[in-house]
>>> print(open('input29.txt').read())   # compact mmCIF, C-alpha atoms
# COMPACT_ATOMS: atom_id res chain seq x y z
CA MET A 1 5.59 -2.86 -102.74
CA ALA A 2 6.70 -6.41 -103.31
CA SER A 3 7.28 -8.67 -100.32
CA LYS A 4 10.53 -10.52 -100.18
CA VAL A 5 10.30 -14.29 -99.80
CA VAL A 6 12.67 -15.61 -97.12
CA PRO A 7 13.59 -19.30 -97.15
CA ILE A 8 12.42 -21.29 -94.08
CA ASN A 9 16.00 -21.97 -92.92
CA ASP A 10 16.89 -18.26 -92.86
CA ARG A 11 13.94 -17.08 -90.73
CA ILE A 12 14.58 -15.55 -87.31
CA THR A 13 12.67 -17.48 -84.65
CA GLY A 14 13.83 -15.78 -81.46
CA ALA A 15 14.64 -19.12 -79.83
CA ALA A 16 18.13 -17.88 -78.94
CA MET A 17 16.58 -15.14 -76.80
CA ASP A 18 15.09 -17.64 -74.35
CA GLN A 19 18.33 -18.14 -72.45
CA PRO A 20 18.31 -17.87 -68.64
CA LEU A 21 20.34 -15.00 -67.24
CA PRO A 22 23.22 -15.81 -64.91
CA PRO A 23 22.35 -15.26 -61.23
CA ARG A 24 23.10 -11.73 -60.04
CA GLN A 25 25.48 -11.29 -57.16
CA ARG A 26 24.32 -8.91 -54.49
CA ASN A 27 26.61 -6.03 -53.80
CA LEU A 28 27.12 -6.34 -50.04
CA LEU A 29 28.67 -2.91 -49.74
CA VAL A 30 25.57 -1.19 -51.15
CA LEU A 31 23.28 -3.40 -49.07
CA GLY A 32 25.25 -2.61 -45.92
CA ALA A 33 25.16 1.12 -46.67
CA CYS A 34 21.40 0.99 -47.23
CA ILE A 35 20.99 -0.52 -43.78
CA ALA A 36 23.66 1.45 -41.89
CA LEU A 37 22.75 4.91 -43.18
CA PRO A 38 19.18 5.05 -41.81
CA VAL A 39 20.38 3.55 -38.50
CA ALA A 40 23.10 6.20 -38.22
CA VAL A 41 20.66 9.01 -39.05
CA ALA A 42 18.17 7.72 -36.47
CA ALA A 43 20.90 7.46 -33.80
CA ALA A 44 22.12 11.01 -34.52
CA PHE A 45 18.56 12.33 -34.37
CA TRP A 46 17.97 10.51 -31.07
CA GLN A 47 21.07 12.13 -29.55
CA LEU A 48 20.21 15.65 -30.75
CA VAL A 49 16.57 15.72 -29.61
CA PRO A 50 16.30 17.27 -26.13
CA ARG A 51 14.72 15.16 -23.42
CA GLY A 52 12.90 16.68 -20.48
CA LEU A 53 12.91 20.25 -19.21
CA ARG A 54 16.31 21.91 -19.01
CA VAL A 55 16.68 24.36 -16.15
CA ALA A 56 19.81 26.28 -15.24
CA GLU A 57 21.40 25.19 -11.96
CA VAL A 58 21.21 28.76 -10.66
CA ASP A 59 17.41 28.72 -10.90
CA LEU A 60 17.00 25.54 -8.81
CA ARG A 61 15.93 25.61 -5.16
CA ILE A 62 16.40 22.31 -3.39
CA ALA A 63 15.10 21.77 0.13
CA THR A 64 13.99 18.99 2.45
CA VAL A 65 10.35 17.94 2.21
CA SER A 66 8.23 18.86 5.25
CA ARG A 67 4.53 18.90 6.14
CA ASP A 68 3.19 22.36 6.61
CA LEU A 69 0.28 24.60 5.78
CA PHE A 70 0.15 25.38 2.09
>>> encode(input="input29.txt", output="structure tokens")
Amino acid sequence: MASKVVPINDRITGAAMDQPLPPRQRNLLVLGACIALPVAVAAAFWQLVPRGLRVAEVDLRIATVSRDLF
């Protein structure tokens, strides 16, 4: 297989590839959603988790504290 001779002026150097990219703009909507979604999920979880012991009002006996033999 014969190699093709390319003149020096026609060679590809890759110098045009070394151009800086324009600065990327942040999408504030996506960033806000990424922050708000976990906060909303945590708040919903916090509201749904029961706190303390739940007792029906019928089962409660409330009286005044007094000293007596136990």
>>> atom_distance(input="input29.txt", atom1="atom CA of Arg26 of chain A", atom2="atom CA of Ala43 of chain A")
26.6 Å
>>> atom_distance(input="input29.txt", atom1="atom CA of Gly52 of chain A", atom2="atom CA of Thr64 of chain A")
23.1 Å
>>> atom_distance(input="input29.txt", atom1="atom CA of Ala42 of chain A", atom2="atom CA of Ala56 of chain A")
28.2 Å
